[in-house]
$ cat work.pdb   # PDB, C-alpha atoms, pLDDT in the B column
ATOM      1  CA  MET A   1      -2.561  16.711  -3.459  1.00 35.00           C
ATOM      2  CA  LYS A   2       0.006  19.089  -4.882  1.00 35.00           C
ATOM      3  CA  GLN A   3       2.858  16.948  -3.538  1.00 40.00           C
ATOM      4  CA  ILE A   4       2.135  14.231  -6.090  1.00 42.00           C
ATOM      5  CA  PRO A   5       3.052  15.100  -9.700  1.00 47.00           C
ATOM      6  CA  LEU A   6       0.834  12.391 -11.215  1.00 48.00           C
ATOM      7  CA  PRO A   7      -2.957  12.502 -11.657  1.00 47.00           C
ATOM      8  CA  ILE A   8      -3.501  10.013  -8.830  1.00 53.00           C
ATOM      9  CA  SER A   9      -5.830  10.615  -5.885  1.00 55.00           C
ATOM     10  CA  LEU A  10      -4.963   9.134  -2.521  1.00 58.00           C
ATOM     11  CA  PRO A  11      -7.512   7.657  -0.113  1.00 59.00           C
ATOM     12  CA  GLU A  12      -7.657  10.088   2.797  1.00 58.00           C
ATOM     13  CA  ARG A  13      -8.232   7.322   5.366  1.00 65.00           C
ATOM     14  CA  ALA A  14      -5.098   5.352   4.471  1.00 77.00           C
ATOM     15  CA  ILE A  15      -2.697   6.698   7.089  1.00 84.00           C
ATOM     16  CA  PHE A  16      -0.350   5.177   9.656  1.00 87.00           C
ATOM     17  CA  ASP A  17      -2.723   6.027  12.509  1.00 84.00           C
ATOM     18  CA  ASN A  18      -5.365   3.566  11.290  1.00 78.00           C
ATOM     19  CA  TYR A  19      -3.072   0.858   9.944  1.00 82.00           C
ATOM     20  CA  VAL A  20      -3.263  -2.303  12.050  1.00 83.00           C
ATOM     21  CA  ILE A  21       0.384  -3.285  12.468  1.00 88.00           C
ATOM     22  CA  GLY A  22       0.148  -6.893  13.653  1.00 88.00           C
ATOM     23  CA  ASN A  23       3.588  -8.517  13.354  1.00 91.00           C
ATOM     24  CA  ASN A  24       4.903  -5.795  11.023  1.00 94.00           C
ATOM     25  CA  GLN A  25       6.253  -3.339  13.585  1.00 95.00           C
ATOM     26  CA  LEU A  26       9.798  -3.242  12.171  1.00 96.00           C
ATOM     27  CA  LEU A  27       8.575  -2.426   8.664  1.00 97.00           C
ATOM     28  CA  VAL A  28       6.108   0.222   9.837  1.00 96.00           C
ATOM     29  CA  SER A  29       8.740   1.841  12.069  1.00 96.00           C
ATOM     30  CA  SER A  30      11.167   1.968   9.144  1.00 96.00           C
ATOM     31  CA  LEU A  31       8.566   3.651   6.935  1.00 97.00           C
ATOM     32  CA  GLN A  32       7.634   6.138   9.643  1.00 96.00           C
ATOM     33  CA  SER A  33      11.339   7.018  10.050  1.00 96.00           C
ATOM     34  CA  LEU A  34      11.873   7.550   6.329  1.00 95.00           C
ATOM     35  CA  PHE A  35      12.299  11.317   6.682  1.00 94.00           C
ATOM     36  CA  THR A  36      14.184  11.270   9.981  1.00 91.00           C
ATOM     37  CA  ALA A  37      17.757  12.407   9.349  1.00 79.00           C
ATOM     38  CA  GLY A  38      20.350   9.828  10.310  1.00 79.00           C
ATOM     39  CA  VAL A  39      17.682   7.186  10.991  1.00 83.00           C
ATOM     40  CA  GLY A  40      15.636   6.587   7.857  1.00 85.00           C
ATOM     41  CA  GLU A  41      16.523   3.979   5.246  1.00 93.00           C
ATOM     42  CA  GLN A  42      17.320   5.215   1.741  1.00 96.00           C
ATOM     43  CA  GLN A  43      15.582   2.279   0.048  1.00 98.00           C
ATOM     44  CA  ILE A  44      12.848  -0.007   1.372  1.00 98.00           C
ATOM     45  CA  LEU A  45      11.146  -2.848  -0.475  1.00 98.00           C
ATOM     46  CA  PHE A  46       8.342  -4.808   1.155  1.00 98.00           C
ATOM     47  CA  TRP A  47       6.424  -7.717  -0.285  1.00 97.00           C
ATOM     48  CA  SER A  48       3.572 -10.138   0.276  1.00 93.00           C
ATOM     49  CA  ARG A  49       1.802 -12.551  -2.045  1.00 88.00           C
ATOM     50  CA  ASN A  50      -1.589 -11.357  -0.838  1.00 79.00           C
ATOM     51  CA  SER A  51      -3.152  -7.969  -0.171  1.00 72.00           C
ATOM     52  CA  TYR A  52      -2.122  -7.366   3.422  1.00 74.00           C
ATOM     53  CA  GLY A  53      -2.098  -3.565   3.171  1.00 84.00           C
ATOM     54  CA  LYS A  54       0.793  -2.740   0.821  1.00 91.00           C
ATOM     55  CA  THR A  55      -1.048   0.151  -0.815  1.00 90.00           C
ATOM     56  CA  HIS A  56      -2.257   1.418   2.567  1.00 89.00           C
ATOM     57  CA  LEU A  57       1.349   1.621   3.772  1.00 94.00           C
ATOM     58  CA  LEU A  58       2.610   3.397   0.642  1.00 95.00           C
ATOM     59  CA  THR A  59      -0.267   5.855   0.861  1.00 92.00           C
ATOM     60  CA  SER A  60       0.561   6.411   4.525  1.00 93.00           C
ATOM     61  CA  VAL A  61       4.105   7.367   3.522  1.00 95.00           C
ATOM     62  CA  CYS A  62       2.652   9.882   1.038  1.00 94.00           C
ATOM     63  CA  HIS A  63       0.416  11.455   3.683  1.00 92.00           C
ATOM     64  CA  LEU A  64       3.350  11.602   6.100  1.00 94.00           C
ATOM     65  CA  ALA A  65       5.408  13.372   3.417  1.00 94.00           C
ATOM     66  CA  ALA A  66       2.597  15.862   2.790  1.00 91.00           C
ATOM     67  CA  ASN A  67       2.368  16.640   6.506  1.00 93.00           C
ATOM     68  CA  LEU A  68       6.108  17.368   6.490  1.00 94.00           C
ATOM     69  CA  ASP A  69       5.772  19.555   3.374  1.00 95.00           C
ATOM     70  CA  LYS A  70       7.805  17.071   1.314  1.00 95.00           C
ATOM     71  CA  GLN A  71       7.422  16.531  -2.419  1.00 94.00           C
ATOM     72  CA  ILE A  72       6.749  12.873  -3.186  1.00 94.00           C
ATOM     73  CA  ALA A  73       5.766  10.797  -6.214  1.00 95.00           C
ATOM     74  CA  TYR A  74       3.323   7.927  -5.824  1.00 95.00           C
ATOM     75  CA  VAL A  75       3.288   5.484  -8.762  1.00 96.00           C
ATOM     76  CA  PRO A  76       0.562   2.794  -8.579  1.00 95.00           C
ATOM     77  CA  LEU A  77       1.607   0.433 -11.345  1.00 95.00           C
ATOM     78  CA  ARG A  78      -1.704  -1.401 -11.231  1.00 92.00           C
ATOM     79  CA  ASP A  79      -3.082   1.779 -12.820  1.00 92.00           C
ATOM     80  CA  LEU A  80      -0.012   2.989 -14.725  1.00 93.00           C
ATOM     81  CA  ALA A  81       1.715  -0.133 -16.090  1.00 92.00           C
ATOM     82  CA  ALA A  82       0.334   0.641 -19.558  1.00 92.00           C
ATOM     83  CA  SER A  83       1.780   4.174 -19.425  1.00 92.00           C
ATOM     84  CA  ASP A  84       5.093   5.339 -20.842  1.00 95.00           C
ATOM     85  CA  PRO A  85       7.870   4.281 -18.402  1.00 96.00           C
ATOM     86  CA  ALA A  86       9.400   7.718 -18.970  1.00 95.00           C
ATOM     87  CA  ILE A  87       7.019   8.984 -16.261  1.00 95.00           C
ATOM     88  CA  LEU A  88       9.778   7.935 -13.845  1.00 96.00           C
ATOM     89  CA  ASP A  89      12.260  10.390 -15.392  1.00 95.00           C
ATOM     90  CA  GLY A  90      13.562  12.937 -12.907  1.00 96.00           C
ATOM     91  CA  MET A  91      11.663  11.615  -9.888  1.00 96.00           C
ATOM     92  CA  GLU A  92      14.937  11.311  -7.994  1.00 97.00           C
ATOM     93  CA  SER A  93      14.853  15.121  -7.628  1.00 96.00           C
ATOM     94  CA  LEU A  94      11.838  14.844  -5.312  1.00 96.00           C
ATOM     95  CA  ASP A  95      12.007  14.243  -1.559  1.00 96.00           C
ATOM     96  CA  ALA A  96      10.873  10.606  -1.958  1.00 96.00           C
ATOM     97  CA  VAL A  97       9.392   8.139  -4.439  1.00 97.00           C
ATOM     98  CA  CYS A  98       6.847   5.371  -3.749  1.00 97.00           C
ATOM     99  CA  ILE A  99       6.152   2.702  -6.371  1.00 97.00           C
ATOM    100  CA  ASP A 100       3.426   0.105  -5.833  1.00 96.00           C
ATOM    101  CA  ASP A 101       3.382  -3.395  -7.425  1.00 96.00           C
ATOM    102  CA  ILE A 102       6.743  -3.345  -9.214  1.00 97.00           C
ATOM    103  CA  ASP A 103       6.281  -7.033 -10.088  1.00 96.00           C
ATOM    104  CA  LEU A 104       3.780  -5.939 -12.763  1.00 96.00           C
ATOM    105  CA  VAL A 105       6.538  -4.356 -14.876  1.00 96.00           C
ATOM    106  CA  THR A 106       9.909  -5.897 -14.002  1.00 95.00           C
ATOM    107  CA  HIS A 107       9.605  -8.378 -16.890  1.00 93.00           C
ATOM    108  CA  ASP A 108       9.192  -5.515 -19.386  1.00 95.00           C
ATOM    109  CA  ARG A 109      12.506  -4.219 -20.756  1.00 95.00           C
ATOM    110  CA  SER A 110      11.494  -0.559 -21.004  1.00 96.00           C
ATOM    111  CA  TRP A 111      10.040  -0.446 -17.504  1.00 97.00           C
ATOM    112  CA  ALA A 112      12.888  -2.506 -16.061  1.00 97.00           C
ATOM    113  CA  THR A 113      15.439  -0.120 -17.575  1.00 97.00           C
ATOM    114  CA  GLN A 114      13.647   2.955 -16.236  1.00 97.00           C
ATOM    115  CA  LEU A 115      13.316   1.373 -12.802  1.00 97.00           C
ATOM    116  CA  PHE A 116      17.000   0.392 -12.822  1.00 97.00           C
ATOM    117  CA  ASN A 117      18.002   3.957 -13.722  1.00 98.00           C
ATOM    118  CA  LEU A 118      15.692   5.456 -11.086  1.00 98.00           C
ATOM    119  CA  ILE A 119      17.132   3.243  -8.332  1.00 98.00           C
ATOM    120  CA  ASN A 120      20.650   4.309  -9.301  1.00 98.00           C
ATOM    121  CA  ALA A 121      19.673   7.982  -9.466  1.00 98.00           C
ATOM    122  CA  CYS A 122      17.883   7.858  -6.092  1.00 98.00           C
ATOM    123  CA  ARG A 123      20.916   6.207  -4.527  1.00 97.00           C
ATOM    124  CA  ASP A 124      23.223   8.867  -5.956  1.00 97.00           C
ATOM    125  CA  ARG A 125      21.052  11.660  -4.556  1.00 96.00           C
ATOM    126  CA  ASN A 126      20.121   9.801  -1.347  1.00 95.00           C
ATOM    127  CA  THR A 127      16.442  10.129  -2.262  1.00 96.00           C
ATOM    128  CA  PRO A 128      14.218   7.784  -0.215  1.00 97.00           C
ATOM    129  CA  LEU A 129      12.669   5.119  -2.437  1.00 98.00           C
ATOM    130  CA  VAL A 130       9.893   2.779  -1.264  1.00 98.00           C
ATOM    131  CA  LEU A 131       8.803  -0.182  -3.403  1.00 98.00           C
ATOM    132  CA  SER A 132       6.142  -2.854  -2.985  1.00 98.00           C
ATOM    133  CA  SER A 133       5.890  -6.227  -4.675  1.00 97.00           C
ATOM    134  CA  THR A 134       4.023  -9.519  -4.494  1.00 96.00           C
ATOM    135  CA  GLN A 135       7.335 -11.403  -4.453  1.00 96.00           C
ATOM    136  CA  HIS A 136      10.744 -11.198  -2.845  1.00 97.00           C
ATOM    137  CA  PRO A 137      13.250  -9.621  -5.292  1.00 96.00           C
ATOM    138  CA  ARG A 138      15.148 -12.889  -5.627  1.00 96.00           C
ATOM    139  CA  ASP A 139      11.973 -14.583  -6.972  1.00 95.00           C
ATOM    140  CA  LEU A 140      10.865 -11.859  -9.403  1.00 94.00           C
ATOM    141  CA  GLU A 141      10.771 -12.446 -13.144  1.00 89.00           C
ATOM    142  CA  LEU A 142      13.246  -9.821 -14.385  1.00 93.00           C
ATOM    143  CA  GLU A 143      14.256  -8.657 -17.833  1.00 86.00           C
ATOM    144  CA  PHE A 144      17.899  -8.446 -16.698  1.00 91.00           C
ATOM    145  CA  GLU A 145      19.727  -9.585 -13.564  1.00 93.00           C
ATOM    146  CA  ASP A 146      21.372  -6.252 -12.725  1.00 96.00           C
ATOM    147  CA  LEU A 147      17.963  -4.996 -11.664  1.00 97.00           C
ATOM    148  CA  ARG A 148      17.747  -7.737  -9.036  1.00 97.00           C
ATOM    149  CA  SER A 149      20.917  -6.538  -7.349  1.00 96.00           C
ATOM    150  CA  ARG A 150      19.541  -2.983  -7.286  1.00 97.00           C
ATOM    151  CA  LEU A 151      16.272  -4.139  -5.724  1.00 97.00           C
ATOM    152  CA  LEU A 152      18.313  -5.852  -3.015  1.00 97.00           C
ATOM    153  CA  TRP A 153      20.385  -2.754  -2.238  1.00 96.00           C
ATOM    154  CA  GLY A 154      18.101  -1.628   0.567  1.00 96.00           C
ATOM    155  CA  ALA A 155      16.060  -3.177   3.338  1.00 97.00           C
ATOM    156  CA  VAL A 156      13.663  -5.946   2.261  1.00 98.00           C
ATOM    157  CA  TYR A 157      10.681  -6.808   4.470  1.00 97.00           C
ATOM    158  CA  HIS A 158       8.048  -9.521   4.260  1.00 97.00           C
ATOM    159  CA  LEU A 159       4.649  -8.008   5.055  1.00 95.00           C
ATOM    160  CA  LYS A 160       3.080 -10.612   7.319  1.00 91.00           C
ATOM    161  CA  ARG A 161      -0.515 -11.771   7.408  1.00 86.00           C
ATOM    162  CA  LEU A 162      -2.735 -10.338  10.120  1.00 84.00           C
ATOM    163  CA  SER A 163      -4.242 -12.576  12.792  1.00 86.00           C
ATOM    164  CA  ASP A 164      -8.030 -12.804  13.252  1.00 86.00           C
ATOM    165  CA  GLU A 165      -7.738 -10.322  16.114  1.00 88.00           C
ATOM    166  CA  ASP A 166      -5.754  -7.918  13.933  1.00 86.00           C
ATOM    167  CA  LEU A 167      -8.247  -8.213  11.068  1.00 85.00           C
ATOM    168  CA  LEU A 168     -11.113  -7.457  13.440  1.00 88.00           C
ATOM    169  CA  ALA A 169      -9.194  -4.466  14.764  1.00 85.00           C
ATOM    170  CA  SER A 170      -8.704  -3.278  11.179  1.00 81.00           C
ATOM    171  CA  LEU A 171     -12.432  -3.580  10.472  1.00 86.00           C
ATOM    172  CA  TYR A 172     -13.349  -1.725  13.665  1.00 87.00           C
ATOM    173  CA  ALA A 173     -10.814   1.024  12.916  1.00 81.00           C
ATOM    174  CA  ARG A 174     -12.315   1.562   9.444  1.00 82.00           C
ATOM    175  CA  ALA A 175     -15.841   1.502  10.867  1.00 87.00           C
ATOM    176  CA  ARG A 176     -14.925   4.114  13.498  1.00 85.00           C
ATOM    177  CA  SER A 177     -13.341   6.356  10.851  1.00 80.00           C
ATOM    178  CA  LYS A 178     -16.644   6.252   8.941  1.00 82.00           C
ATOM    179  CA  GLY A 179     -18.801   6.738  12.030  1.00 85.00           C
ATOM    180  CA  LEU A 180     -20.331   3.272  11.597  1.00 86.00           C
ATOM    181  CA  GLU A 181     -21.870   1.088  14.257  1.00 88.00           C
ATOM    182  CA  PHE A 182     -20.437  -2.364  13.557  1.00 90.00           C
ATOM    183  CA  PRO A 183     -21.804  -5.031  15.951  1.00 90.00           C
ATOM    184  CA  VAL A 184     -19.427  -7.739  17.117  1.00 90.00           C
ATOM    185  CA  ASP A 185     -21.540 -10.583  15.738  1.00 93.00           C
ATOM    186  CA  ALA A 186     -21.661  -8.935  12.288  1.00 92.00           C
ATOM    187  CA  ALA A 187     -17.896  -8.348  12.255  1.00 91.00           C
ATOM    188  CA  GLU A 188     -17.142 -11.929  13.291  1.00 91.00           C
ATOM    189  CA  TYR A 189     -19.570 -13.294  10.682  1.00 92.00           C
ATOM    190  CA  LEU A 190     -17.891 -11.220   7.954  1.00 92.00           C
ATOM    191  CA  LEU A 191     -14.452 -12.392   8.998  1.00 89.00           C
ATOM    192  CA  LYS A 192     -15.562 -16.049   8.984  1.00 90.00           C
ATOM    193  CA  HIS A 193     -17.366 -15.998   5.616  1.00 91.00           C
ATOM    194  CA  PHE A 194     -15.342 -13.506   3.567  1.00 88.00           C
ATOM    195  CA  GLN A 195     -11.910 -13.883   1.945  1.00 81.00           C
ATOM    196  CA  ARG A 196      -8.991 -13.204   4.291  1.00 75.00           C
ATOM    197  CA  ASN A 197      -7.742 -10.237   2.334  1.00 72.00           C
ATOM    198  CA  THR A 198      -7.382  -6.970   4.222  1.00 74.00           C
ATOM    199  CA  ALA A 199      -7.984  -4.696   1.239  1.00 71.00           C
ATOM    200  CA  ALA A 200     -10.998  -6.710   0.063  1.00 78.00           C
ATOM    201  CA  LEU A 201     -12.478  -6.768   3.575  1.00 83.00           C
ATOM    202  CA  LEU A 202     -12.190  -3.013   3.942  1.00 80.00           C
ATOM    203  CA  GLU A 203     -13.615  -2.452   0.471  1.00 82.00           C
ATOM    204  CA  PHE A 204     -16.555  -4.706   1.361  1.00 88.00           C
ATOM    205  CA  LEU A 205     -17.102  -2.692   4.535  1.00 90.00           C
ATOM    206  CA  ASP A 206     -17.352   0.434   2.358  1.00 88.00           C
ATOM    207  CA  GLN A 207     -20.025  -1.356   0.285  1.00 90.00           C
ATOM    208  CA  LEU A 208     -21.883  -2.250   3.485  1.00 91.00           C
ATOM    209  CA  ASP A 209     -21.775   1.388   4.517  1.00 90.00           C
ATOM    210  CA  GLN A 210     -23.331   2.478   1.205  1.00 91.00           C
ATOM    211  CA  GLU A 211     -26.056  -0.166   1.393  1.00 91.00           C
ATOM    212  CA  SER A 212     -26.752   0.670   5.021  1.00 91.00           C
ATOM    213  CA  LEU A 213     -27.250   4.320   4.097  1.00 91.00           C
ATOM    214  CA  SER A 214     -29.320   3.674   0.975  1.00 91.00           C
ATOM    215  CA  GLN A 215     -31.587   1.152   2.725  1.00 91.00           C
ATOM    216  CA  LYS A 216     -31.614   3.030   6.035  1.00 89.00           C
ATOM    217  CA  ARG A 217     -30.662  -0.196   7.815  1.00 91.00           C
ATOM    218  CA  ARG A 218     -28.120  -0.998  10.494  1.00 91.00           C
ATOM    219  CA  ILE A 219     -25.229  -3.277   9.574  1.00 92.00           C
ATOM    220  CA  THR A 220     -26.398  -6.760  10.524  1.00 92.00           C
ATOM    221  CA  ILE A 221     -25.682 -10.318   9.437  1.00 94.00           C
ATOM    222  CA  PRO A 222     -28.738 -10.342   7.083  1.00 93.00           C
ATOM    223  CA  LEU A 223     -27.457  -7.168   5.393  1.00 93.00           C
ATOM    224  CA  ILE A 224     -23.988  -8.709   5.053  1.00 93.00           C
ATOM    225  CA  LYS A 225     -25.509 -11.805   3.431  1.00 94.00           C
ATOM    226  CA  GLN A 226     -27.494  -9.639   1.028  1.00 92.00           C
ATOM    227  CA  VAL A 227     -24.467  -7.600  -0.064  1.00 91.00           C
ATOM    228  CA  MET A 228     -22.387 -10.754  -0.436  1.00 92.00           C
ATOM    229  CA  GLN A 229     -24.981 -12.147  -2.849  1.00 90.00           C
ATOM    230  CA  GLN A 230     -24.787  -8.935  -4.877  1.00 86.00           C
ATOM    231  CA  THR A 231     -21.002  -9.043  -5.285  1.00 74.00           C
TER     232      THR A 231
END
$ encode --input "work.pdb" --output "structure tokens"
Amino acid sequence: MKQIPLPISLPERAIFDNYVIGNNQLLVSSLQSLFTAGVGEQQILFWSRNSYGKTHLLTSVCHLAANLDKQIAYVPLRDLAASDPAILDGMESLDAVCIDDIDLVTHDRSWATQLFNLINACRDRNTPLVLSSTQHPRDLELEFEDLRSRLLWGAVYHLKRLSDEDLLASLYARARSKGLEFPVDAAEYLLKHFQRNTAALLEFLDQLDQESLSQKRRITIPLIKQVMQQT
């Protein structure tokens, strides 16, 4: 996507329309209002200790920006933490910046300094900045304390765990987007026997889809058991 100045590809299916909100309506509404004049927050940080869809939400913001013809940077630190922190230079000049997994770099002085400077620059220019983390800012291991105060400048949300019903809805939504027939008994079996991690569940469903196609079999409990043994 031309809106993203880094060599990062975004999953096309990760949009707000297929995100199962659960008890996270306030956070999702804030993200959806990011580009609404007079309504959107300038800085949003959301966190959860587990994978409850943080990357999906950041990617959804990027797709929303693209639809509005906005220029946005998406920085997945799980992929870029080993890169030169100078990649953040000048990003405040864009229409918005999204940074995923900041907890991976906040203990590193070079990254912490660049992040500190970017937060200040975004605030000065009123550039929307969205950050995700596995911890609340007050619990993060930081190279210097001034960064903590900057991370607390904006709204901070706890991304809450989905209920069983929400997880099933998430699985069905992904299956529908892929044109998959996903029987109720198979979905309930997967939910009962697989880790309660939204990202991992959806990734496993993608594996099921591939195996279903390659073996020319419907998704059933025996197929789920087989793929589980392979992973």
$ residues_around --input "work.pdb" --residues "stretch 139-147 of chain A" --least-positions-apart "6" --cutoff "7 Å" --atoms "only C-alpha atoms" --output "list in words"
Asp103, Thr106, His107, Asp108, Arg109, Ala112 and Phe116 of chain A
$ resolve_selection --input "work.pdb" --expression "the PyMOL selection byres ((chain A and resi 135) around 8)" --output "compact mmCIF listing (two decimals) with C-alpha atoms, in the coordinates of the input"
# COMPACT_ATOMS: atom_id res chain seq x y z
CA TRP A 47 6.42 -7.72 -0.28
CA SER A 48 3.57 -10.14 0.28
CA ARG A 49 1.80 -12.55 -2.04
CA ASP A 103 6.28 -7.03 -10.09
CA SER A 133 5.89 -6.23 -4.68
CA THR A 134 4.02 -9.52 -4.49
CA HIS A 136 10.74 -11.20 -2.84
CA PRO A 137 13.25 -9.62 -5.29
CA ASP A 139 11.97 -14.58 -6.97
CA LEU A 140 10.86 -11.86 -9.40
$ residues_around --input "work.pdb" --residues "stretch 65-79 of chain A" --least-positions-apart "5" --cutoff "6 Å" --atoms "only C-alpha atoms" --output "MDAnalysis selection string"
chainID A and resid 3:4 94:101
$ closest_residue --input "work.pdb" --among "A:Asn126, A:Asn120, A:Gln215, A:Thr231" --to "A:Gly38" --atoms "all atoms listed in the file"
A:Asn126
$ atom_distance --input "work.pdb" --atom1 "atom CA of A:Ile15" --atom2 "atom CA of A:Tyr172"
15.1 Å
$ atom_distance --input "work.pdb" --atom1 "atom CA of A:Tyr19" --atom2 "atom CA of A:Leu129"
20.5 Å
$ resolve_selection --input "work.pdb" --expression "the PyMOL selection byres ((chain A and resi 14) around 10)" --output "count of residues only"
20
$ atom_distance --input "work.pdb" --atom1 "atom CA of A:Leu88" --atom2 "atom CA of A:Gly40"
22.5 Å
$ closest_residue --input "work.pdb" --among "A:Thr220, A:Ser83, A:Gln210, A:Ser110" --to "A:Tyr189" --atoms "all atoms listed in the file"
A:Thr220
$ closest_residue --input "work.pdb" --among "A:Leu64, A:Asp166, A:Thr127, A:Leu151" --to "A:Ile21" --atoms "all atoms listed in the file"
A:Asp166
$ closest_residue --input "work.pdb" --among "A:Ala82, A:Ala187, A:Val20, A:Leu201" --to "A:Trp111" --atoms "all atoms listed in the file"
A:Ala82
$ closest_residue --input "work.pdb" --among "A:Ala121, A:Leu34, A:Leu27, A:Leu171" --to "A:Ala200" --atoms "only C-alpha atoms"
A:Leu171
$ closest_residue --input "work.pdb" --among "A:Ser177, A:Thr36, A:Ser93, A:Ser30" --to "A:Asp209" --atoms "all atoms listed in the file"
A:Ser177
$ axis_aligned_box --input "work.pdb" --around "stretch 44-60 of chain A" --padding-each-side "3 Å" --output "JSON"
{"center_x": 4.8, "center_y": -3.1, "center_z": 1.2, "size_x": 22.0, "size_y": 25.0, "size_z": 12.6}
$ residues_around --input "work.pdb" --residues "A:Leu45" --least-positions-apart "2" --cutoff "6 Å" --atoms "all atoms listed in the file" --output "list in words"
Val130, Leu131, Ser132 and Val156 of chain A
$ decode --input "work.pdb" --residues "stretch 166-179 of chain A" --atoms "N, CA and C atoms" --output "CSV table (one decimal), in the first residue's frame"
chain,number,residue,atom,x,y,z
A,166,ASP,N,-17.8,-14.6,21.9
A,166,ASP,CA,-17.1,-13.7,21.0
A,166,ASP,C,-16.0,-14.4,20.2
A,167,LEU,N,-15.3,-15.3,20.8
A,167,LEU,CA,-14.3,-16.1,20.1
A,167,LEU,C,-14.9,-16.9,18.9
A,168,LEU,N,-16.0,-17.5,19.2
A,168,LEU,CA,-16.7,-18.2,18.2
A,168,LEU,C,-17.2,-17.3,17.0
A,169,ALA,N,-17.6,-16.1,17.4
A,169,ALA,CA,-18.1,-15.1,16.4
A,169,ALA,C,-16.9,-14.7,15.6
A,170,SER,N,-15.7,-14.6,16.2
A,170,SER,CA,-14.5,-14.2,15.5
A,170,SER,C,-14.1,-15.3,14.5
A,171,LEU,N,-14.2,-16.6,14.9
A,171,LEU,CA,-13.9,-17.7,14.0
A,171,LEU,C,-14.8,-17.8,12.8
A,172,TYR,N,-16.1,-17.6,13.1
A,172,TYR,CA,-17.1,-17.6,12.1
A,172,TYR,C,-16.9,-16.5,11.1
A,173,ALA,N,-16.6,-15.3,11.6
A,173,ALA,CA,-16.4,-14.1,10.7
A,173,ALA,C,-15.2,-14.4,9.8
A,174,ARG,N,-14.1,-15.0,10.3
A,174,ARG,CA,-12.9,-15.3,9.5
A,174,ARG,C,-13.3,-16.4,8.4
A,175,ALA,N,-14.1,-17.4,8.9
A,175,ALA,CA,-14.5,-18.4,8.0
A,175,ALA,C,-15.3,-17.9,6.8
A,176,ARG,N,-16.3,-17.0,7.2
A,176,ARG,CA,-17.1,-16.4,6.1
A,176,ARG,C,-16.3,-15.6,5.1
A,177,SER,N,-15.3,-14.8,5.7
A,177,SER,CA,-14.5,-14.0,4.8
A,177,SER,C,-13.7,-14.9,3.8
A,178,LYS,N,-13.4,-16.1,4.2
A,178,LYS,CA,-12.6,-17.0,3.3
A,178,LYS,C,-13.6,-18.0,2.5
A,179,GLY,N,-14.9,-17.8,2.7
A,179,GLY,CA,-15.8,-18.7,2.0
A,179,GLY,C,-15.8,-20.1,2.5
